[in-house]
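See below for coords12.cif, which holds mmCIF, C-alpha atoms.
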```cif
data_input
loop_
_atom_site.group_PDB
_atom_site.id
_atom_site.type_symbol
_atom_site.label_atom_id
_atom_site.label_comp_id
_atom_site.auth_asym_id
_atom_site.auth_seq_id
_atom_site.Cartn_x
_atom_site.Cartn_y
_atom_site.Cartn_z
ATOM 1 C CA MET A 1 0.000 0.000 0.000
ATOM 2 C CA ALA A 2 1.234 3.509 -0.791
ATOM 3 C CA GLN A 3 2.322 5.854 1.959
ATOM 4 C CA ASP A 4 0.477 9.015 2.885
ATOM 5 C CA PRO A 5 0.889 11.200 -0.246
ATOM 6 C CA TYR A 6 1.156 14.361 1.865
ATOM 7 C CA GLN A 7 4.094 12.883 3.779
ATOM 8 C CA GLU A 8 5.621 11.605 0.539
ATOM 9 C CA LEU A 9 5.687 15.124 -0.899
ATOM 10 C CA GLY A 10 6.519 16.757 2.432
ATOM 11 C CA VAL A 11 3.521 19.099 2.456
ATOM 12 C CA ALA A 12 0.783 19.833 4.944
ATOM 13 C CA ARG A 13 -2.790 18.719 4.327
ATOM 14 C CA GLY A 14 -3.953 22.296 3.931
ATOM 15 C CA SER A 15 -1.300 23.143 1.286
ATOM 16 C CA SER A 16 -2.390 24.920 -1.878
ATOM 17 C CA ALA A 17 -2.339 23.234 -5.273
ATOM 18 C CA GLU A 18 0.620 25.418 -6.267
ATOM 19 C CA ASP A 19 2.582 24.416 -3.142
ATOM 20 C CA ILE A 20 1.971 20.755 -3.948
ATOM 21 C CA ARG A 21 3.077 21.296 -7.518
ATOM 22 C CA LYS A 22 6.276 23.067 -6.419
ATOM 23 C CA ALA A 23 7.092 20.335 -3.905
ATOM 24 C CA PHE A 24 6.681 17.659 -6.567
ATOM 25 C CA ARG A 25 8.841 19.524 -9.093
ATOM 26 C CA LYS A 26 11.644 19.934 -6.562
ATOM 27 C CA LEU A 27 11.656 16.315 -5.373
ATOM 28 C CA ALA A 28 11.088 14.826 -8.831
ATOM 29 C CA LYS A 29 14.087 16.690 -10.194
ATOM 30 C CA GLN A 30 16.195 15.507 -7.240
ATOM 31 C CA HIS A 31 15.192 11.843 -7.587
ATOM 32 C CA HIS A 32 14.712 11.595 -11.374
ATOM 33 C CA PRO A 33 16.263 8.323 -12.663
ATOM 34 C CA ASP A 34 18.353 10.160 -15.248
ATOM 35 C CA ALA A 35 20.082 12.063 -12.458
ATOM 36 C CA ASN A 36 20.561 8.932 -10.342
ATOM 37 C CA ARG A 37 21.550 6.185 -12.754
ATOM 38 C CA GLY A 38 21.846 2.787 -11.077
ATOM 39 C CA LYS A 39 20.315 3.980 -7.789
ATOM 40 C CA LYS A 40 17.297 1.780 -7.113
ATOM 41 C CA ASP A 41 16.246 3.749 -4.045
ATOM 42 C CA SER A 42 15.959 6.955 -6.094
ATOM 43 C CA GLU A 43 14.009 5.128 -8.782
ATOM 44 C CA GLU A 44 11.539 3.825 -6.207
ATOM 45 C CA LYS A 45 11.319 7.238 -4.564
ATOM 46 C CA PHE A 46 10.546 8.818 -7.950
ATOM 47 C CA LYS A 47 7.746 6.305 -8.525
ATOM 48 C CA ARG A 48 6.229 7.062 -5.109
ATOM 49 C CA LEU A 49 6.477 10.804 -5.750
ATOM 50 C CA SER A 50 4.741 10.407 -9.097
ATOM 51 C CA ALA A 51 1.954 8.347 -7.519
ATOM 52 C CA ALA A 52 1.534 10.899 -4.711
ATOM 53 C CA PHE A 53 1.282 13.797 -7.137
ATOM 54 C CA ASP A 54 -1.029 11.773 -9.363
ATOM 55 C CA LEU A 55 -3.451 11.729 -6.448
ATOM 56 C CA LEU A 56 -2.954 15.147 -4.847
ATOM 57 C CA GLY A 57 -2.478 16.984 -8.129
ATOM 58 C CA ASP A 58 -5.996 16.057 -9.200
ATOM 59 C CA PRO A 59 -8.564 18.204 -7.280
ATOM 60 C CA ASP A 60 -11.310 15.576 -7.465
ATOM 61 C CA LYS A 61 -9.145 12.696 -6.262
ATOM 62 C CA ARG A 62 -7.586 14.842 -3.547
ATOM 63 C CA LYS A 63 -11.053 15.747 -2.285
ATOM 64 C CA LYS A 64 -12.076 12.080 -2.204
ATOM 65 C CA PHE A 65 -8.860 11.113 -0.443
ATOM 66 C CA ASP A 66 -9.281 13.813 2.202
ATOM 67 C CA ALA A 67 -12.866 12.651 2.727
ATOM 68 C CA GLY A 68 -11.760 9.037 3.185
ATOM 69 C CA GLU A 69 -13.520 7.833 0.029
ATOM 70 C CA ILE A 70 -10.336 6.497 -1.621
ATOM 71 C CA ASP A 71 -7.044 5.275 -0.231
ATOM 72 C CA ALA A 72 -3.504 6.380 -1.095
ATOM 73 C CA ASP A 73 -3.514 3.983 -4.052
ATOM 74 C CA GLY A 74 -6.634 5.636 -5.482
ATOM 75 C CA ARG A 75 -8.875 2.660 -4.645
ATOM 76 C CA GLU A 76 -12.379 3.223 -3.403
ATOM 77 C CA ILE A 77 -12.969 2.407 0.237
ATOM 78 C CA MET A 78 -15.976 0.138 0.631
ATOM 79 C CA ARG A 79 -18.583 1.241 3.103
ATOM 80 C CA GLY A 80 -18.716 -0.819 6.243
ATOM 81 C CA TYR A 81 -14.940 -1.197 6.334
ATOM 82 C CA GLY A 82 -14.250 2.175 7.860
ATOM 83 C CA HIS A 83 -13.468 5.491 6.330
ATOM 84 C CA SER A 84 -9.753 5.784 6.913
ATOM 85 C CA PRO A 85 -7.745 6.236 3.712
ATOM 86 C CA PHE A 86 -5.191 3.807 5.204
ATOM 87 C CA ASN A 87 -7.585 0.940 5.921
ATOM 88 C CA ASP A 88 -5.715 -2.177 4.788
ATOM 89 C CA GLY A 89 -8.991 -4.019 4.427
ATOM 90 C CA ALA A 90 -10.304 -1.620 1.850
ATOM 91 C CA GLY A 91 -10.166 -3.201 -1.536
ATOM 92 C CA GLY A 92 -12.773 -1.744 -3.836
ATOM 93 C CA PRO A 93 -11.940 -1.665 -7.545
ATOM 94 C CA ARG A 94 -10.309 1.356 -9.150
ATOM 95 C CA SER A 95 -12.720 3.787 -10.667
ATOM 96 C CA ALA A 96 -13.456 2.841 -14.272
ATOM 97 C CA ASN A 97 -13.313 6.518 -15.144
ATOM 98 C CA PHE A 98 -9.805 7.045 -13.727
ATOM 99 C CA GLU A 99 -8.842 10.625 -14.604
ATOM 100 C CA GLY A 100 -5.354 11.626 -13.488
ATOM 101 C CA VAL A 101 -3.230 14.728 -13.567
ATOM 102 C CA ASP A 102 -0.769 14.836 -16.483
ATOM 103 C CA LEU A 103 2.555 14.124 -14.807
ATOM 104 C CA ASN A 104 4.229 14.248 -18.191
ATOM 105 C CA GLU A 105 3.249 17.889 -18.534
ATOM 106 C CA ILE A 106 4.957 18.661 -15.232
ATOM 107 C CA LEU A 107 8.046 16.601 -16.005
ATOM 108 C CA GLY A 108 8.150 17.953 -19.544
ATOM 109 C CA GLU A 109 8.523 21.464 -18.181
ATOM 110 C CA MET A 110 11.470 20.251 -16.122
ATOM 111 C CA PHE A 111 13.231 18.018 -18.630
ATOM 112 C CA GLY A 112 12.624 19.764 -21.947
ATOM 113 C CA GLY A 113 9.649 17.917 -23.420
ATOM 114 C CA ARG A 114 6.065 16.842 -22.944
ATOM 115 C CA GLY A 115 4.519 13.425 -22.662
ATOM 116 C CA GLY A 116 1.164 12.268 -23.930
ATOM 117 C CA ARG A 117 -2.169 10.929 -22.792
ATOM 118 C CA ALA A 118 -3.757 7.667 -23.813
ATOM 119 C CA GLY A 119 -7.421 6.807 -23.922
ATOM 120 C CA GLY A 120 -8.420 10.029 -22.194
ATOM 121 C CA GLY A 121 -6.777 8.983 -18.908
ATOM 122 C CA PHE A 122 -3.417 9.453 -17.334
ATOM 123 C CA ALA A 123 -0.551 8.153 -19.461
ATOM 124 C CA SER A 124 2.510 7.387 -17.368
ATOM 125 C CA ARG A 125 4.704 7.281 -20.443
ATOM 126 C CA GLY A 126 7.878 9.322 -19.994
ATOM 127 C CA SER A 127 8.105 12.913 -21.142
ATOM 128 C CA ASP A 128 9.402 13.852 -24.584
ATOM 129 C CA ILE A 129 12.549 15.945 -24.777
ATOM 130 C CA ARG A 130 13.651 18.359 -27.492
ATOM 131 C CA ALA A 131 16.966 19.717 -28.676
ATOM 132 C CA ARG A 132 18.403 21.714 -31.579
ATOM 133 C CA LEU A 133 21.438 20.511 -33.514
ATOM 134 C CA GLU A 134 23.400 22.882 -35.754
ATOM 135 C CA VAL A 135 25.279 21.245 -38.631
ATOM 136 C CA ASP A 136 27.308 22.384 -41.637
ATOM 137 C CA LEU A 137 26.271 21.775 -45.218
ATOM 138 C CA GLU A 138 29.149 19.302 -45.531
ATOM 139 C CA ASP A 139 27.590 17.254 -42.704
ATOM 140 C CA VAL A 140 24.317 17.077 -44.627
ATOM 141 C CA ILE A 141 26.146 15.938 -47.773
ATOM 142 C CA ALA A 142 28.401 13.378 -46.125
ATOM 143 C CA GLY A 143 26.031 12.216 -43.375
ATOM 144 C CA GLY A 144 27.779 10.862 -40.284
ATOM 145 C CA LYS A 145 27.202 11.470 -36.595
ATOM 146 C CA LYS A 146 27.128 14.518 -34.337
ATOM 147 C CA ARG A 147 27.051 14.546 -30.542
ATOM 148 C CA ILE A 148 24.287 16.490 -28.857
ATOM 149 C CA ALA A 149 23.631 17.340 -25.213
ATOM 150 C CA PHE A 150 20.079 17.328 -23.847
ATOM 151 C CA SER A 151 18.728 19.616 -21.178
ATOM 152 C CA ASP A 152 18.713 16.747 -18.671
ATOM 153 C CA GLY A 153 22.494 16.313 -19.000
ATOM 154 C CA ARG A 154 22.548 13.268 -21.281
ATOM 155 C CA THR A 155 24.593 13.169 -24.484
ATOM 156 C CA LEU A 156 23.767 11.252 -27.638
ATOM 157 C CA ASP A 157 25.423 10.625 -31.011
ATOM 158 C CA VAL A 158 22.849 11.566 -33.656
ATOM 159 C CA THR A 159 23.083 10.288 -37.230
ATOM 160 C CA ILE A 160 22.632 13.149 -39.708
ATOM 161 C CA PRO A 161 20.393 11.993 -42.591
ATOM 162 C CA ASN A 162 21.927 12.469 -46.005
ATOM 163 C CA GLY A 163 20.158 15.442 -47.577
ATOM 164 C CA ALA A 164 18.604 16.718 -44.328
ATOM 165 C CA VAL A 165 16.948 20.115 -44.681
ATOM 166 C CA ASP A 166 17.000 23.098 -42.376
ATOM 167 C CA GLY A 167 14.208 22.817 -39.801
ATOM 168 C CA GLN A 168 13.791 19.056 -40.249
ATOM 169 C CA THR A 169 12.952 17.248 -36.999
ATOM 170 C CA LEU A 170 14.280 13.784 -36.198
ATOM 171 C CA ARG A 171 12.236 11.590 -33.852
ATOM 172 C CA LEU A 172 14.239 9.144 -31.757
ATOM 173 C CA ARG A 173 11.759 6.768 -30.198
ATOM 174 C CA GLY A 174 12.300 5.687 -26.612
ATOM 175 C CA LEU A 175 15.094 8.165 -25.896
ATOM 176 C CA GLY A 176 13.036 10.661 -23.917
ATOM 177 C CA GLY A 177 12.378 10.776 -20.193
ATOM 178 C CA PRO A 178 11.596 7.517 -18.356
ATOM 179 C CA GLY A 179 8.065 6.634 -17.306
ATOM 180 C CA ARG A 180 6.163 3.797 -15.720
ATOM 181 C CA ALA A 181 4.659 2.859 -19.087
ATOM 182 C CA GLY A 182 7.898 3.306 -21.014
ATOM 183 C CA PRO A 183 10.140 6.219 -21.993
ATOM 184 C CA GLY A 184 9.127 9.176 -24.109
ATOM 185 C CA ASP A 185 10.760 10.222 -27.364
ATOM 186 C CA ALA A 186 13.535 12.645 -28.249
ATOM 187 C CA PHE A 187 12.936 15.234 -30.976
ATOM 188 C CA ILE A 188 16.011 16.760 -32.659
ATOM 189 C CA GLU A 189 15.582 19.837 -34.858
ATOM 190 C CA ILE A 190 18.255 20.117 -37.554
ATOM 191 C CA ALA A 191 19.575 23.627 -38.241
ATOM 192 C CA VAL A 192 21.831 23.854 -41.317
ATOM 193 C CA ARG A 193 24.293 26.747 -41.112
ATOM 194 C CA PRO A 194 24.529 29.043 -44.182
ATOM 195 C CA HIS A 195 27.466 28.197 -46.453
ATOM 196 C CA ALA A 196 29.927 30.776 -47.762
ATOM 197 C CA VAL A 197 29.906 29.346 -51.312
ATOM 198 C CA PHE A 198 26.918 27.066 -51.936
ATOM 199 C CA ARG A 199 23.186 27.722 -51.848
ATOM 200 C CA ARG A 200 20.607 24.998 -51.729
ATOM 201 C CA GLU A 201 17.830 24.609 -54.312
ATOM 202 C CA GLY A 202 16.074 21.322 -53.583
ATOM 203 C CA ASP A 203 18.641 18.541 -54.027
ATOM 204 C CA ASN A 204 20.867 20.818 -56.138
ATOM 205 C CA LEU A 205 23.590 23.173 -54.978
ATOM 206 C CA VAL A 206 24.098 26.528 -56.690
ATOM 207 C CA MET A 207 27.230 28.653 -56.664
ATOM 208 C CA ASP A 208 28.538 31.780 -58.397
ATOM 209 C CA LEU A 209 31.690 31.189 -60.434
ATOM 210 C CA ALA A 210 33.727 34.246 -61.427
ATOM 211 C CA VAL A 211 35.327 34.108 -64.886
ATOM 212 C CA SER A 212 37.550 36.655 -66.618
ATOM 213 C CA VAL A 213 36.528 38.529 -69.754
ATOM 214 C CA PRO A 214 39.086 36.686 -71.946
ATOM 215 C CA ASP A 215 37.846 33.287 -70.675
ATOM 216 C CA ALA A 216 34.254 34.324 -71.291
ATOM 217 C CA VAL A 217 35.027 35.559 -74.830
ATOM 218 C CA LEU A 218 37.542 32.947 -75.922
ATOM 219 C CA GLY A 219 36.685 30.026 -73.655
ATOM 220 C CA GLY A 220 39.091 28.576 -71.120
ATOM 221 C CA LYS A 221 39.723 26.473 -68.028
ATOM 222 C CA VAL A 222 38.771 27.704 -64.529
ATOM 223 C CA LYS A 223 38.974 26.259 -61.006
ATOM 224 C CA ALA A 224 35.676 25.675 -59.226
ATOM 225 C CA ALA A 225 34.944 24.618 -55.657
ATOM 226 C CA THR A 226 32.809 21.536 -54.937
ATOM 227 C CA PRO A 227 31.876 19.932 -51.607
ATOM 228 C CA GLU A 228 34.603 17.336 -52.236
ATOM 229 C CA GLY A 229 37.312 19.800 -53.303
ATOM 230 C CA SER A 230 38.166 21.950 -56.308
ATOM 231 C CA VAL A 231 37.847 20.771 -59.913
ATOM 232 C CA THR A 232 38.693 22.259 -63.323
ATOM 233 C CA LEU A 233 35.815 23.313 -65.539
ATOM 234 C CA SER A 234 35.772 24.223 -69.211
ATOM 235 C CA VAL A 235 34.121 27.569 -69.923
ATOM 236 C CA PRO A 236 32.574 27.557 -73.412
ATOM 237 C CA LYS A 237 33.586 30.260 -75.879
ATOM 238 C CA GLY A 238 31.264 33.264 -75.809
ATOM 239 C CA SER A 239 29.849 32.592 -72.311
ATOM 240 C CA ASN A 240 27.756 35.276 -70.627
ATOM 241 C CA SER A 241 27.065 35.993 -66.967
ATOM 242 C CA GLY A 242 24.221 33.763 -65.859
ATOM 243 C CA SER A 243 25.277 30.831 -68.008
ATOM 244 C CA ILE A 244 25.162 27.537 -66.070
ATOM 245 C CA LEU A 245 27.795 24.825 -65.935
ATOM 246 C CA ARG A 246 26.334 21.625 -64.472
ATOM 247 C CA LEU A 247 28.350 19.134 -62.428
ATOM 248 C CA LYS A 248 26.241 16.005 -62.156
ATOM 249 C CA GLY A 249 26.090 14.187 -58.837
ATOM 250 C CA ARG A 250 27.883 16.921 -56.853
ATOM 251 C CA GLY A 251 24.790 18.207 -55.061
ATOM 252 C CA LEU A 252 22.851 16.928 -52.040
ATOM 253 C CA GLY A 253 21.554 13.442 -51.424
ATOM 254 C CA ASP A 254 17.847 12.617 -51.592
ATOM 255 C CA GLY A 255 17.998 9.971 -48.871
ATOM 256 C CA HIS A 256 17.789 7.125 -51.416
ATOM 257 C CA GLY A 257 21.388 6.944 -52.582
ATOM 258 C CA ARG A 258 21.030 9.589 -55.298
ATOM 259 C CA ARG A 259 22.546 13.063 -55.373
ATOM 260 C CA GLY A 260 21.486 16.234 -57.076
ATOM 261 C CA ASP A 261 23.794 18.397 -59.205
ATOM 262 C CA LEU A 262 26.064 21.352 -58.585
ATOM 263 C CA LEU A 263 25.150 24.328 -60.746
ATOM 264 C CA ALA A 264 27.950 26.836 -61.337
ATOM 265 C CA ARG A 265 26.459 30.164 -62.447
ATOM 266 C CA LEU A 266 29.036 32.178 -64.403
ATOM 267 C CA VAL A 267 29.720 35.757 -63.381
ATOM 268 C CA VAL A 268 31.907 37.594 -65.934
ATOM 269 C CA THR A 269 34.224 39.726 -63.819
ATOM 270 C CA LEU A 270 36.458 42.659 -64.737
ATOM 271 C CA PRO A 271 39.921 43.175 -63.239
ATOM 272 C CA GLU A 272 39.958 45.043 -59.920
ATOM 273 C CA SER A 273 42.559 47.500 -61.225
ATOM 274 C CA THR A 274 42.184 49.724 -64.306
ATOM 275 C CA ASP A 275 43.395 48.128 -67.531
ATOM 276 C CA GLU A 276 44.173 50.791 -70.195
ATOM 277 C CA ALA A 277 44.414 48.293 -73.026
ATOM 278 C CA LEU A 278 41.004 46.845 -72.132
ATOM 279 C CA GLU A 279 39.504 50.341 -71.952
ATOM 280 C CA LYS A 280 40.847 51.255 -75.407
ATOM 281 C CA PHE A 281 39.531 47.977 -76.825
ATOM 282 C CA ALA A 282 36.113 48.641 -75.280
ATOM 283 C CA GLU A 283 36.034 52.191 -76.671
ATOM 284 C CA ALA A 284 36.773 50.943 -80.172
ATOM 285 C CA TRP A 285 34.236 48.146 -79.831
ATOM 286 C CA ARG A 286 31.526 50.528 -78.653
ATOM 287 C CA ARG A 287 32.317 52.901 -81.524
ATOM 288 C CA ASP A 288 32.611 50.374 -84.314
ATOM 289 C CA ARG A 289 30.366 47.478 -83.136
ATOM 290 C CA PRO A 290 27.559 48.894 -80.955
ATOM 291 C CA TYR A 291 25.052 46.401 -79.549
ATOM 292 C CA SER A 292 22.386 46.166 -76.824
ATOM 293 C CA PRO A 293 22.796 43.266 -74.314
ATOM 294 C CA GLY A 294 19.904 40.855 -74.243
ATOM 295 C CA ARG A 295 18.759 41.660 -77.787
ATOM 296 C CA ARG A 296 19.626 39.297 -80.593
ATOM 297 C CA ARG A 297 21.455 40.922 -83.524
#
```
Entire entry expressed as C-alpha cells:
Amino acid sequence: MAQDPYQELGVARGSSAEDIRKAFRKLAKQHHPDANRGKKDSEEKFKRLSAAFDLLGDPDKRKKFDAGEIDADGREIMRGYGHSPFNDGAGGPRSANFEGVDLNEILGEMFGGRGGRAGGGFASRGSDIRARLEVDLEDVIAGGKKRIAFSDGRTLDVTIPNGAVDGQTLRLRGLGGPGRAGPGDAFIEIAVRPHAVFRREGDNLVMDLAVSVPDAVLGGKVKAATPEGSVTLSVPKGSNSGSILRLKGRGLGDGHGRRGDLLARLVVTLPESTDEALEKFAEAWRRDRPYSPGRRR
C-alpha cells in the first residue's frame, strides 16, 4: 500500500495546489532516474512521488482522499470497512473513469519535453525531450554522426540523414524521459548553417563562379569549388554571366542513394585594377560594333 501522499511530498494537508506542484517539481528533479543512474532507491522514490502527485495533483481525487472515500492507491474504500484512507482491508476496484493529472506535462517542463495521454486517462509514459542541432552543409552531404547534449544532462550521437533540410525534426523513439509505461521520445531539430559558397535549391547546390573577360570571350579552363574539393571546368567560348555549368552528382543526397547536381552560375568579372588596353579595346568596340545586351542581332 502507498504511503500518505502528503508525507511523501513533504507538504501539509492544507497546502495549496501550487505548493503541492512546487514540492513535486523539486523532489522529482532531485530523484529523477536520469540524475541517479543505477540507484534503485531513487528510482523507487521517484515512482512514489509520481503516484503521490497523481493523487494530490488532481482536485477531485484529492477531495475524495481527504474525505476518506479512496485510499492512497486511489482505490475506493468500501462502506462498512471504515473510512480511513489507510484501511488495509479496503479493496474496492479502481474507478473505471480514472482521470489523473498529467505528470508528463509537469516533467516535460522540467526536462525539456512533454509526454502524452492515452485513452483520455493518465498516461505514465515518460516525457518527450527536445533539442536543436546545428550542422554544416558538408555534414548534410556526407552524413555521419554529431554529438548532442540534452537539457537533462545526457549526451547522444545523432546520425545526420543524407540530404537533411533546415528545420527538419528527427524523432528518436524511446530516448526521452523515463516513465512507468515506457520512456518518451527525443525530438532533434536540424539547423543547417549558411554556407559561404553554396546555396541549396532542392537537391541541387548553386554557386557563383567568377570568370575573366578573356575566358568568357575565348573560352578557357577555370577552377571551381565543390563539396569534395576543387575541380577544373571548361568555360565555353562566348559565355555570358548567368550561363550555367552543371556538375552532375555533386549536389545533395535525396535519402535514397542519389545526389542532385552542382550548378555553377558564371559571373563575368572585370579586373579590380584599371586596364588601359582593355579600356581602349572597349572604346573601339563601342564605336565600331555597338550592340544592346539581351537583344539578338
Inset, instruction - Name every residue that the PyMOL selection byres ((chain A and resi 221) around 10) selects in this structure, writing the answer as JSON, numbers by chain with chains first and numbers rising. - result: {"A": [211, 215, 219, 220, 222, 223, 224, 232, 233, 234, 235, 236]}
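In this model, the gap between CA of Arg171 in chain A and CA of Arg130 in chain A comes to 9.4 Å.
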Inset, instruction - List the residues matched by the PyMOL selection byres ((chain A and resi 261) around 12) in the displayed structure as JSON, numbers by chain, ordered by chain and then by residue number. - result: {"A": [141, 198, 199, 200, 201, 202, 203, 204, 205, 206, 207, 226, 227, 244, 245, 246, 247, 248, 249, 250, 251, 252, 253, 254, 258, 259, 260, 262, 263, 264]}
Inset, instruction - Quick one: apply the PyMOL selection byres ((chain A and resi 43-48) around 7) to the file and drop the selected residues here as JSON, numbers by chain. - result: {"A": [28, 31, 32, 33, 39, 40, 41, 42, 49, 50, 51, 52]}
Inset, instruction - Just give me the gap between CA of Glu8 in chain A and CA of Ser151 in chain A in Å, one decimal is fine. - result: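 Pair CA of Glu8 in chain A / CA of Ser151 in chain A returns 26.6 Å.
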